[in-house]
file entry.txt (compact mmCIF, N, CA and C atoms and all ligand atoms)
# COMPACT_ATOMS: atom_id res chain seq x y z
N LEU A 30 0.81 -1.21 0.00
CA LEU A 30 0.00 0.00 0.00
C LEU A 30 0.85 1.27 0.00
N VAL A 31 0.49 2.17 -0.87
CA VAL A 31 1.18 3.46 -0.87
C VAL A 31 0.63 4.29 0.28
N LEU A 32 1.53 4.87 1.05
CA LEU A 32 1.12 5.60 2.24
C LEU A 32 0.11 6.70 1.93
N GLN A 33 0.37 7.38 0.83
CA GLN A 33 -0.51 8.48 0.44
C GLN A 33 -1.96 8.02 0.28
N LYS A 34 -2.12 6.76 -0.03
CA LYS A 34 -3.48 6.29 -0.32
C LYS A 34 -4.29 6.03 0.93
N ILE A 35 -3.67 6.06 2.09
CA ILE A 35 -4.44 5.74 3.28
C ILE A 35 -4.66 6.94 4.21
N ILE A 36 -4.48 8.13 3.66
CA ILE A 36 -4.78 9.29 4.50
C ILE A 36 -6.29 9.34 4.73
N PRO A 37 -6.70 9.66 5.96
CA PRO A 37 -8.11 9.64 6.32
C PRO A 37 -8.99 10.52 5.44
N SER A 38 -8.42 11.60 4.90
CA SER A 38 -9.25 12.51 4.13
C SER A 38 -9.74 11.89 2.82
N LYS A 39 -9.24 10.72 2.52
CA LYS A 39 -9.70 10.04 1.31
C LYS A 39 -11.21 9.79 1.36
N THR A 40 -11.71 9.45 2.53
CA THR A 40 -13.15 9.24 2.68
C THR A 40 -13.90 10.53 2.37
N THR A 41 -13.43 11.61 2.94
CA THR A 41 -14.06 12.91 2.72
C THR A 41 -14.03 13.28 1.24
N ASP A 42 -12.90 13.00 0.61
CA ASP A 42 -12.77 13.33 -0.80
C ASP A 42 -13.76 12.54 -1.65
N HIS A 43 -13.87 11.24 -1.39
CA HIS A 43 -14.80 10.43 -2.16
C HIS A 43 -16.25 10.81 -1.87
N TYR A 44 -16.48 11.29 -0.63
CA TYR A 44 -17.84 11.70 -0.28
C TYR A 44 -18.18 13.01 -0.98
N ASN A 45 -17.24 13.94 -0.98
CA ASN A 45 -17.50 15.25 -1.58
C ASN A 45 -17.46 15.23 -3.10
N ASN A 46 -16.61 14.37 -3.64
CA ASN A 46 -16.48 14.26 -5.10
C ASN A 46 -16.63 12.82 -5.54
N PRO A 47 -17.79 12.24 -5.34
CA PRO A 47 -17.94 10.82 -5.68
C PRO A 47 -17.70 10.57 -7.17
N ARG A 48 -16.97 9.51 -7.45
CA ARG A 48 -16.66 9.15 -8.84
C ARG A 48 -17.73 8.23 -9.41
N ASN A 49 -17.99 8.40 -10.69
CA ASN A 49 -18.82 7.45 -11.43
C ASN A 49 -20.25 7.31 -10.89
N VAL A 50 -20.83 8.44 -10.49
CA VAL A 50 -22.23 8.42 -10.08
C VAL A 50 -23.10 8.38 -11.34
N GLY A 51 -24.13 7.55 -11.31
CA GLY A 51 -25.03 7.51 -12.45
C GLY A 51 -25.56 6.11 -12.69
N SER A 52 -26.09 5.89 -13.89
CA SER A 52 -26.69 4.62 -14.23
C SER A 52 -26.24 4.15 -15.60
N LEU A 53 -26.29 2.85 -15.80
CA LEU A 53 -26.10 2.25 -17.12
C LEU A 53 -27.44 1.61 -17.50
N PRO A 54 -27.69 1.46 -18.80
CA PRO A 54 -28.95 0.84 -19.23
C PRO A 54 -29.03 -0.62 -18.78
N LYS A 55 -29.93 -0.89 -17.83
CA LYS A 55 -29.88 -2.19 -17.19
C LYS A 55 -30.31 -3.35 -18.09
N ASN A 56 -30.96 -3.02 -19.21
CA ASN A 56 -31.37 -4.11 -20.10
C ASN A 56 -30.31 -4.50 -21.11
N ASP A 57 -29.23 -3.74 -21.17
CA ASP A 57 -28.13 -4.13 -22.06
C ASP A 57 -27.57 -5.48 -21.62
N MET A 58 -27.27 -6.31 -22.60
CA MET A 58 -26.80 -7.66 -22.27
C MET A 58 -25.42 -7.67 -21.62
N ASP A 59 -24.67 -6.61 -21.83
CA ASP A 59 -23.32 -6.59 -21.24
C ASP A 59 -23.26 -5.80 -19.94
N VAL A 60 -24.45 -5.48 -19.41
CA VAL A 60 -24.51 -4.73 -18.15
C VAL A 60 -25.05 -5.62 -17.03
N GLY A 61 -24.38 -5.57 -15.90
CA GLY A 61 -24.86 -6.27 -14.71
C GLY A 61 -25.23 -5.26 -13.65
N THR A 62 -26.39 -5.48 -12.99
CA THR A 62 -26.86 -4.54 -11.99
C THR A 62 -26.95 -5.21 -10.62
N GLY A 63 -26.38 -4.57 -9.64
CA GLY A 63 -26.49 -5.05 -8.27
C GLY A 63 -27.24 -4.04 -7.44
N LEU A 64 -28.28 -4.50 -6.76
CA LEU A 64 -29.04 -3.61 -5.90
C LEU A 64 -29.11 -4.26 -4.53
N VAL A 65 -28.49 -3.63 -3.56
CA VAL A 65 -28.41 -4.26 -2.24
C VAL A 65 -28.77 -3.26 -1.15
N GLY A 66 -29.19 -3.80 -0.01
CA GLY A 66 -29.53 -2.97 1.13
C GLY A 66 -28.77 -3.40 2.36
N ALA A 67 -28.59 -2.48 3.28
CA ALA A 67 -27.94 -2.79 4.54
C ALA A 67 -29.00 -2.96 5.62
N PRO A 68 -29.15 -4.19 6.12
CA PRO A 68 -30.17 -4.43 7.15
C PRO A 68 -29.96 -3.55 8.38
N ALA A 69 -28.70 -3.20 8.67
CA ALA A 69 -28.40 -2.45 9.88
C ALA A 69 -29.02 -1.05 9.88
N CYS A 70 -29.18 -0.46 8.70
CA CYS A 70 -29.62 0.93 8.70
C CYS A 70 -30.62 1.23 7.59
N GLY A 71 -30.82 0.30 6.66
CA GLY A 71 -31.79 0.53 5.60
C GLY A 71 -31.24 1.28 4.41
N ASP A 72 -29.94 1.57 4.41
CA ASP A 72 -29.35 2.26 3.26
C ASP A 72 -29.29 1.32 2.06
N VAL A 73 -29.34 1.92 0.86
CA VAL A 73 -29.43 1.14 -0.37
C VAL A 73 -28.35 1.58 -1.35
N MET A 74 -27.78 0.60 -2.04
CA MET A 74 -26.76 0.89 -3.03
C MET A 74 -27.07 0.18 -4.34
N LYS A 75 -26.98 0.94 -5.45
CA LYS A 75 -27.10 0.32 -6.77
C LYS A 75 -25.76 0.48 -7.47
N LEU A 76 -25.24 -0.64 -7.94
CA LEU A 76 -23.96 -0.61 -8.63
C LEU A 76 -24.11 -1.35 -9.96
N GLN A 77 -23.63 -0.74 -11.03
CA GLN A 77 -23.74 -1.36 -12.35
C GLN A 77 -22.38 -1.45 -13.02
N ILE A 78 -22.16 -2.57 -13.68
CA ILE A 78 -20.90 -2.76 -14.41
C ILE A 78 -21.22 -3.07 -15.86
N ARG A 79 -20.34 -2.60 -16.74
CA ARG A 79 -20.40 -3.04 -18.13
C ARG A 79 -19.18 -3.92 -18.38
N VAL A 80 -19.42 -5.06 -18.99
CA VAL A 80 -18.36 -6.05 -19.14
C VAL A 80 -17.93 -6.18 -20.60
N ASP A 81 -16.63 -6.11 -20.79
CA ASP A 81 -16.06 -6.36 -22.12
C ASP A 81 -15.97 -7.87 -22.31
N LYS A 82 -16.80 -8.38 -23.22
CA LYS A 82 -16.91 -9.84 -23.40
C LYS A 82 -15.60 -10.47 -23.84
N ASN A 83 -14.82 -9.73 -24.61
CA ASN A 83 -13.59 -10.31 -25.16
C ASN A 83 -12.54 -10.57 -24.09
N THR A 84 -12.48 -9.64 -23.14
CA THR A 84 -11.44 -9.77 -22.11
C THR A 84 -12.00 -10.21 -20.77
N ASN A 85 -13.35 -10.23 -20.67
CA ASN A 85 -14.00 -10.56 -19.40
C ASN A 85 -13.60 -9.59 -18.28
N THR A 86 -13.39 -8.34 -18.67
CA THR A 86 -13.06 -7.33 -17.68
C THR A 86 -14.14 -6.25 -17.63
N ILE A 87 -14.12 -5.49 -16.56
CA ILE A 87 -15.11 -4.44 -16.35
C ILE A 87 -14.65 -3.16 -17.05
N SER A 88 -15.45 -2.70 -18.00
CA SER A 88 -15.03 -1.54 -18.78
C SER A 88 -15.65 -0.25 -18.28
N GLU A 89 -16.75 -0.36 -17.58
CA GLU A 89 -17.46 0.84 -17.11
C GLU A 89 -18.19 0.51 -15.81
N VAL A 90 -18.25 1.47 -14.90
CA VAL A 90 -18.93 1.26 -13.62
C VAL A 90 -19.70 2.51 -13.24
N LYS A 91 -20.92 2.33 -12.75
CA LYS A 91 -21.71 3.47 -12.24
C LYS A 91 -22.38 3.06 -10.95
N PHE A 92 -22.60 4.03 -10.07
CA PHE A 92 -23.32 3.70 -8.84
C PHE A 92 -24.25 4.82 -8.41
N LYS A 93 -25.25 4.42 -7.63
CA LYS A 93 -26.08 5.38 -6.92
C LYS A 93 -26.27 4.82 -5.52
N THR A 94 -25.95 5.62 -4.53
CA THR A 94 -26.07 5.17 -3.15
C THR A 94 -26.99 6.10 -2.40
N PHE A 95 -28.02 5.51 -1.80
CA PHE A 95 -28.90 6.27 -0.94
C PHE A 95 -28.51 5.89 0.48
N GLY A 96 -27.51 6.59 0.98
CA GLY A 96 -27.01 6.20 2.28
C GLY A 96 -26.04 7.19 2.85
N CYS A 97 -25.34 6.73 3.86
CA CYS A 97 -24.45 7.60 4.62
C CYS A 97 -23.18 7.92 3.84
N GLY A 98 -22.40 8.82 4.38
CA GLY A 98 -21.16 9.23 3.75
C GLY A 98 -20.18 8.09 3.54
N SER A 99 -20.09 7.20 4.50
CA SER A 99 -19.16 6.08 4.37
C SER A 99 -19.60 5.13 3.26
N ALA A 100 -20.89 4.96 3.10
CA ALA A 100 -21.40 4.10 2.03
C ALA A 100 -21.13 4.74 0.67
N ILE A 101 -21.30 6.03 0.57
CA ILE A 101 -21.03 6.75 -0.67
C ILE A 101 -19.54 6.69 -0.99
N ALA A 102 -18.71 6.93 0.01
CA ALA A 102 -17.27 6.86 -0.19
C ALA A 102 -16.84 5.45 -0.58
N SER A 103 -17.44 4.45 0.07
CA SER A 103 -17.09 3.06 -0.23
C SER A 103 -17.43 2.71 -1.67
N SER A 104 -18.60 3.13 -2.13
CA SER A 104 -18.99 2.78 -3.49
C SER A 104 -18.18 3.58 -4.51
N SER A 105 -17.90 4.83 -4.21
CA SER A 105 -17.09 5.64 -5.12
C SER A 105 -15.69 5.02 -5.26
N TYR A 106 -15.11 4.67 -4.14
CA TYR A 106 -13.79 4.04 -4.18
C TYR A 106 -13.84 2.71 -4.94
N LEU A 107 -14.89 1.94 -4.68
CA LEU A 107 -15.02 0.64 -5.35
C LEU A 107 -15.08 0.79 -6.87
N THR A 108 -15.80 1.82 -7.34
CA THR A 108 -15.91 1.98 -8.79
C THR A 108 -14.54 2.22 -9.42
N GLU A 109 -13.69 2.96 -8.71
CA GLU A 109 -12.34 3.21 -9.25
C GLU A 109 -11.51 1.93 -9.21
N LEU A 110 -11.73 1.18 -8.16
CA LEU A 110 -10.95 -0.04 -7.96
C LEU A 110 -11.25 -1.09 -9.03
N VAL A 111 -12.51 -1.30 -9.35
CA VAL A 111 -12.88 -2.43 -10.20
C VAL A 111 -12.81 -2.14 -11.70
N ARG A 112 -12.72 -0.87 -12.08
CA ARG A 112 -12.68 -0.59 -13.50
C ARG A 112 -11.40 -1.19 -14.10
N GLY A 113 -11.56 -1.99 -15.13
CA GLY A 113 -10.42 -2.63 -15.76
C GLY A 113 -10.09 -3.99 -15.17
N MET A 114 -10.75 -4.33 -14.06
CA MET A 114 -10.48 -5.62 -13.40
C MET A 114 -11.23 -6.75 -14.10
N SER A 115 -10.67 -7.97 -13.96
CA SER A 115 -11.42 -9.13 -14.43
C SER A 115 -12.58 -9.37 -13.46
N LEU A 116 -13.61 -10.05 -13.95
CA LEU A 116 -14.76 -10.34 -13.08
C LEU A 116 -14.33 -11.18 -11.89
N GLU A 117 -13.40 -12.08 -12.15
CA GLU A 117 -12.94 -12.97 -11.09
C GLU A 117 -12.29 -12.17 -9.96
N ASP A 118 -11.40 -11.25 -10.33
CA ASP A 118 -10.73 -10.43 -9.31
C ASP A 118 -11.73 -9.53 -8.59
N ALA A 119 -12.64 -8.94 -9.35
CA ALA A 119 -13.62 -8.03 -8.74
C ALA A 119 -14.51 -8.78 -7.75
N GLY A 120 -14.78 -10.04 -8.06
CA GLY A 120 -15.62 -10.85 -7.18
C GLY A 120 -14.92 -11.24 -5.89
N ARG A 121 -13.63 -11.04 -5.85
CA ARG A 121 -12.86 -11.42 -4.66
C ARG A 121 -12.60 -10.24 -3.73
N ILE A 122 -13.06 -9.05 -4.11
CA ILE A 122 -12.81 -7.88 -3.25
C ILE A 122 -13.56 -8.04 -1.93
N ARG A 123 -12.85 -7.75 -0.85
CA ARG A 123 -13.46 -7.86 0.48
C ARG A 123 -13.72 -6.47 1.06
N ASN A 124 -14.78 -6.37 1.79
CA ASN A 124 -15.13 -5.07 2.37
C ASN A 124 -14.04 -4.56 3.31
N THR A 125 -13.30 -5.48 3.90
CA THR A 125 -12.24 -5.06 4.82
C THR A 125 -11.15 -4.28 4.08
N GLU A 126 -10.91 -4.63 2.80
CA GLU A 126 -9.94 -3.87 2.00
C GLU A 126 -10.43 -2.43 1.80
N ILE A 127 -11.71 -2.31 1.52
CA ILE A 127 -12.29 -0.98 1.30
C ILE A 127 -12.25 -0.18 2.59
N ALA A 128 -12.63 -0.81 3.69
CA ALA A 128 -12.67 -0.14 4.99
C ALA A 128 -11.28 0.33 5.39
N LYS A 129 -10.29 -0.51 5.09
CA LYS A 129 -8.92 -0.17 5.44
C LYS A 129 -8.44 1.01 4.60
N GLU A 130 -8.73 0.94 3.32
CA GLU A 130 -8.33 2.00 2.41
C GLU A 130 -8.92 3.35 2.82
N LEU A 131 -10.16 3.31 3.28
CA LEU A 131 -10.86 4.56 3.62
C LEU A 131 -10.78 4.88 5.11
N CYS A 132 -10.08 4.04 5.85
CA CYS A 132 -9.94 4.24 7.31
C CYS A 132 -11.31 4.33 7.99
N LEU A 133 -12.21 3.46 7.64
CA LEU A 133 -13.54 3.48 8.26
C LEU A 133 -13.46 2.93 9.68
N PRO A 134 -14.14 3.55 10.61
CA PRO A 134 -14.20 3.03 11.98
C PRO A 134 -15.08 1.77 12.03
N PRO A 135 -14.92 0.94 13.06
CA PRO A 135 -15.68 -0.32 13.16
C PRO A 135 -17.19 -0.14 12.97
N VAL A 136 -17.73 0.92 13.50
CA VAL A 136 -19.18 1.11 13.41
C VAL A 136 -19.64 1.34 11.97
N LYS A 137 -18.67 1.67 11.10
CA LYS A 137 -19.01 1.92 9.69
C LYS A 137 -18.59 0.77 8.78
N LEU A 138 -18.22 -0.34 9.38
CA LEU A 138 -17.81 -1.49 8.56
C LEU A 138 -18.93 -1.98 7.64
N HIS A 139 -20.15 -1.95 8.14
CA HIS A 139 -21.25 -2.46 7.32
C HIS A 139 -21.46 -1.60 6.07
N CYS A 140 -21.03 -0.36 6.12
CA CYS A 140 -21.16 0.52 4.95
C CYS A 140 -20.29 -0.01 3.81
N SER A 141 -19.09 -0.49 4.14
CA SER A 141 -18.22 -1.05 3.12
C SER A 141 -18.72 -2.43 2.67
N MET A 142 -19.42 -3.11 3.58
CA MET A 142 -20.02 -4.40 3.23
C MET A 142 -21.04 -4.23 2.11
N LEU A 143 -21.72 -3.10 2.16
CA LEU A 143 -22.71 -2.80 1.12
C LEU A 143 -22.02 -2.78 -0.26
N ALA A 144 -20.82 -2.21 -0.30
CA ALA A 144 -20.08 -2.14 -1.57
C ALA A 144 -19.66 -3.53 -2.03
N GLU A 145 -19.20 -4.36 -1.10
CA GLU A 145 -18.82 -5.73 -1.47
C GLU A 145 -20.04 -6.51 -1.98
N ASP A 146 -21.13 -6.39 -1.27
CA ASP A 146 -22.36 -7.07 -1.71
C ASP A 146 -22.80 -6.58 -3.08
N ALA A 147 -22.65 -5.28 -3.32
CA ALA A 147 -23.13 -4.69 -4.56
C ALA A 147 -22.34 -5.18 -5.77
N ILE A 148 -21.03 -5.26 -5.65
CA ILE A 148 -20.25 -5.71 -6.80
C ILE A 148 -20.51 -7.19 -7.06
N LYS A 149 -20.66 -7.97 -6.00
CA LYS A 149 -20.94 -9.39 -6.19
C LYS A 149 -22.29 -9.58 -6.87
N SER A 150 -23.25 -8.81 -6.43
CA SER A 150 -24.59 -8.91 -6.99
C SER A 150 -24.60 -8.46 -8.46
N ALA A 151 -23.81 -7.44 -8.78
CA ALA A 151 -23.74 -6.97 -10.17
C ALA A 151 -23.09 -8.03 -11.07
N ILE A 152 -22.04 -8.66 -10.57
CA ILE A 152 -21.37 -9.71 -11.34
C ILE A 152 -22.31 -10.87 -11.58
N LYS A 153 -23.01 -11.24 -10.52
CA LYS A 153 -23.95 -12.36 -10.63
C LYS A 153 -25.05 -12.07 -11.66
N ASP A 154 -25.53 -10.84 -11.62
CA ASP A 154 -26.58 -10.45 -12.56
C ASP A 154 -26.06 -10.54 -14.00
N TYR A 155 -24.86 -10.04 -14.21
CA TYR A 155 -24.27 -10.12 -15.54
C TYR A 155 -24.13 -11.58 -15.99
N GLN A 156 -23.64 -12.41 -15.09
CA GLN A 156 -23.38 -13.81 -15.45
C GLN A 156 -24.68 -14.56 -15.72
N THR A 157 -25.69 -14.25 -14.94
CA THR A 157 -26.99 -14.86 -15.17
C THR A 157 -27.51 -14.48 -16.55
N LYS A 158 -27.38 -13.21 -16.87
CA LYS A 158 -27.82 -12.70 -18.16
C LYS A 158 -27.07 -13.35 -19.31
N SER A 159 -25.79 -13.34 -19.23
CA SER A 159 -24.98 -13.77 -20.37
C SER A 159 -24.77 -15.27 -20.35
N ASN A 160 -25.10 -15.88 -19.20
CA ASN A 160 -25.04 -17.34 -19.11
C ASN A 160 -23.66 -17.89 -19.41
N ARG A 161 -22.67 -17.13 -18.98
CA ARG A 161 -21.33 -17.58 -19.28
C ARG A 161 -20.39 -17.44 -18.09
N GLY A 162 -20.96 -17.47 -16.92
CA GLY A 162 -20.14 -17.32 -15.71
C GLY A 162 -19.26 -18.52 -15.49
N PRO A 163 -18.00 -18.28 -15.09
CA PRO A 163 -17.13 -19.39 -14.75
C PRO A 163 -17.65 -20.08 -13.50
N PRO A 164 -17.64 -21.41 -13.46
CA PRO A 164 -18.19 -22.17 -12.35
C PRO A 164 -17.56 -21.79 -11.01
N THR A 165 -16.32 -21.36 -11.02
CA THR A 165 -15.64 -21.03 -9.77
C THR A 165 -16.31 -19.88 -9.03
N LEU A 166 -17.01 -19.03 -9.77
CA LEU A 166 -17.63 -17.88 -9.11
C LEU A 166 -19.03 -18.19 -8.61
N GLY A 167 -19.48 -19.40 -8.89
CA GLY A 167 -20.86 -19.78 -8.60
C GLY A 167 -21.40 -19.47 -7.23
N LYS A 168 -21.19 -20.37 -6.28
CA LYS A 168 -21.96 -20.30 -5.03
C LYS A 168 -21.51 -19.18 -4.10
N ASN A 169 -20.27 -18.76 -4.20
CA ASN A 169 -19.81 -17.73 -3.28
C ASN A 169 -20.44 -16.38 -3.54
N LEU A 170 -21.08 -16.25 -4.66
CA LEU A 170 -21.71 -14.98 -4.96
C LEU A 170 -23.09 -14.96 -4.33
FE1 LIG B 201 -27.45 4.74 7.24
FE2 LIG B 201 -26.73 6.37 9.05
S1 LIG B 201 -27.83 4.61 9.29
S2 LIG B 201 -27.03 6.78 7.04
FE1 LIG B 202 -25.52 2.20 7.01
FE2 LIG B 202 -23.45 3.54 6.33
S1 LIG B 202 -24.51 2.14 5.14
S2 LIG B 202 -24.58 3.76 8.13
call {"tool": "encode", "arguments": {"input": "entry.txt", "output": "C-alpha cells"}}
result
Amino acid sequence: LVLQKIIPSKTTDHYNNPRNVGSLPKNDMDVGTGLVGAPACGDVMKLQIRVDKNTNTISEVKFKTFGCGSAIASSSYLTELVRGMSLEDAGRIRNTEIAKELCLPPVKLHCSMLAEDAIKSAIKDYQTKSNRGPPTLGKNL
C-alpha cells in the first residue's frame, strides 16, 4: 500500500467528489446490476458494471447510493478499484480492503459491506444474463 493512499481525508474526498455516479442501461446484455440494502440501517446501493466480453473485464462502472457518507465513499472508491479488473478479481474484493483504504471506523464497517455485496450482486446479474459465468464464481456470490 502506498502511504498516500491511506490518509483519512480520502473518505471525505470520495464523499465530496464521488466518482462514477449515475446509471447504465440495465437491459443491455453486457450490463450487470447489483441492488443491495444494509439491514443495519436501511441504506441502499445500486452498482452497475459493463463487461467487455472479449477480455471478461469491467469496462465501465456506475453507482447510486442512498445512504451515509461512508457508504457513498465506499462505493465511489469501489468503482475506481474495479474498472479494468477481471470479473474474477472483482468478485474477490473484500469489504475489509475498502474499509482499510478509507480508514472506516468499526461502526461503519457495514457501509463497506454494502459495496462488497453490490459488486458481487452486479457480477452475478451479468453472469446470469450472459449465461457464461465461470463455475468457480458460482456459489460464493
Ligand atoms: Fe445509514 Fe446512518 S444509518 S445513514
Ligand atoms: Fe448504514 Fe453507512 S450504510 S450507516
call {"tool": "residues_near_ligand", "arguments": {"input": "entry.txt", "ligand": "ligand LIG 201 (chain B)", "cutoff": "10 Å", "atoms": "only C-alpha atoms and all ligand atoms", "output": "ChimeraX atom specification"}}
result
/A:67-73,95-101,137,139-140
call {"tool": "write_last_selection", "arguments": {"input": "entry.txt", "atoms": "N, CA and C atoms", "output": "CSV table (one decimal), in the frame of the given file"}}
result
chain,number,residue,atom,x,y,z
A,67,ALA,N,-28.6,-2.5,3.3
A,67,ALA,CA,-27.9,-2.8,4.5
A,67,ALA,C,-29.0,-3.0,5.6
A,68,PRO,N,-29.2,-4.2,6.1
A,68,PRO,CA,-30.2,-4.4,7.2
A,68,PRO,C,-30.0,-3.6,8.4
A,69,ALA,N,-28.7,-3.2,8.7
A,69,ALA,CA,-28.4,-2.4,9.9
A,69,ALA,C,-29.0,-1.0,9.9
A,70,CYS,N,-29.2,-0.5,8.7
A,70,CYS,CA,-29.6,0.9,8.7
A,70,CYS,C,-30.6,1.2,7.6
A,71,GLY,N,-30.8,0.3,6.7
A,71,GLY,CA,-31.8,0.5,5.6
A,71,GLY,C,-31.2,1.3,4.4
A,72,ASP,N,-29.9,1.6,4.4
A,72,ASP,CA,-29.4,2.3,3.3
A,72,ASP,C,-29.3,1.3,2.1
A,73,VAL,N,-29.3,1.9,0.9
A,73,VAL,CA,-29.4,1.1,-0.4
A,73,VAL,C,-28.4,1.6,-1.4
A,95,PHE,N,-28.0,5.5,-1.8
A,95,PHE,CA,-28.9,6.3,-0.9
A,95,PHE,C,-28.5,5.9,0.5
A,96,GLY,N,-27.5,6.6,1.0
A,96,GLY,CA,-27.0,6.2,2.3
A,96,GLY,C,-26.0,7.2,2.8
A,97,CYS,N,-25.3,6.7,3.9
A,97,CYS,CA,-24.4,7.6,4.6
A,97,CYS,C,-23.2,7.9,3.8
A,98,GLY,N,-22.4,8.8,4.4
A,98,GLY,CA,-21.2,9.2,3.8
A,98,GLY,C,-20.2,8.1,3.5
A,99,SER,N,-20.1,7.2,4.5
A,99,SER,CA,-19.2,6.1,4.4
A,99,SER,C,-19.6,5.1,3.3
A,100,ALA,N,-20.9,5.0,3.1
A,100,ALA,CA,-21.4,4.1,2.0
A,100,ALA,C,-21.1,4.7,0.7
A,101,ILE,N,-21.3,6.0,0.6
A,101,ILE,CA,-21.0,6.8,-0.7
A,101,ILE,C,-19.5,6.7,-1.0
A,137,LYS,N,-18.7,1.7,11.1
A,137,LYS,CA,-19.0,1.9,9.7
A,137,LYS,C,-18.6,0.8,8.8
A,139,HIS,N,-20.2,-2.0,8.1
A,139,HIS,CA,-21.2,-2.5,7.3
A,139,HIS,C,-21.5,-1.6,6.1
A,140,CYS,N,-21.0,-0.4,6.1
A,140,CYS,CA,-21.2,0.5,5.0
A,140,CYS,C,-20.3,0.0,3.8
call {"tool": "residues_around", "arguments": {"input": "entry.txt", "residues": "A:Ser52", "least_positions_apart": "5", "cutoff": "7 Å", "atoms": "all atoms listed in the file", "output": "NGL selection string"}}
result
:A and (77 or 91-93)
call {"tool": "select_by_dssp", "arguments": {"input": "entry.txt", "residues": "chain A", "states": "strand (DSSP E)", "output": "list in words"}}
result
Val60, Gly61, Thr62, Gly63, Leu64, Val65, Gly66, Val73, Met74, Lys75, Leu76, Gln77, Ile78, Arg79, Val80, Asp81, Thr86, Ile87, Ser88, Glu89, Val90, Lys91, Phe92, Lys93, Thr94 and Phe95 of chain A
call {"tool": "closest_residue", "arguments": {"input": "entry.txt", "among": "A:Asp57, A:Ile148, A:Val136, A:Asn45", "to": "A:Ala119", "atoms": "all atoms listed in the file"}}
result
A:Ile148
call {"tool": "closest_residue", "arguments": {"input": "entry.txt", "among": "A:Ala151, A:Ile78, A:Leu138, A:Ala144", "to": "A:Tyr106", "atoms": "only C-alpha atoms"}}
result
A:Ala144
call {"tool": "residues_around", "arguments": {"input": "entry.txt", "residues": "A:Thr40", "least_positions_apart": "5", "cutoff": "8 Å", "atoms": "only C-alpha atoms", "output": "VMD selection string"}}
result
chain A and resid 99 102 to 103 131 to 132
call {"tool": "select_by_dssp", "arguments": {"input": "entry.txt", "residues": "stretch 80-168 of chain A", "states": "alpha helix (DSSP H)", "output": "count of residues only"}}
result
47
call {"tool": "atom_distance", "arguments": {"input": "entry.txt", "atom1": "atom C of A:Ser105", "atom2": "atom CA of A:Gly51"}}
result
12.0 Å
call {"tool": "closest_residue", "arguments": {"input": "entry.txt", "among": "A:Val50, A:Leu110, A:Leu116, A:Met74", "to": "ligand LIG 202 (chain B)", "atoms": "only C-alpha atoms and all ligand atoms"}}
result
A:Met74
call {"tool": "atom_distance", "arguments": {"input": "entry.txt", "atom1": "atom CA of A:Thr62", "atom2": "atom CA of A:Thr84"}}
result
19.2 Å
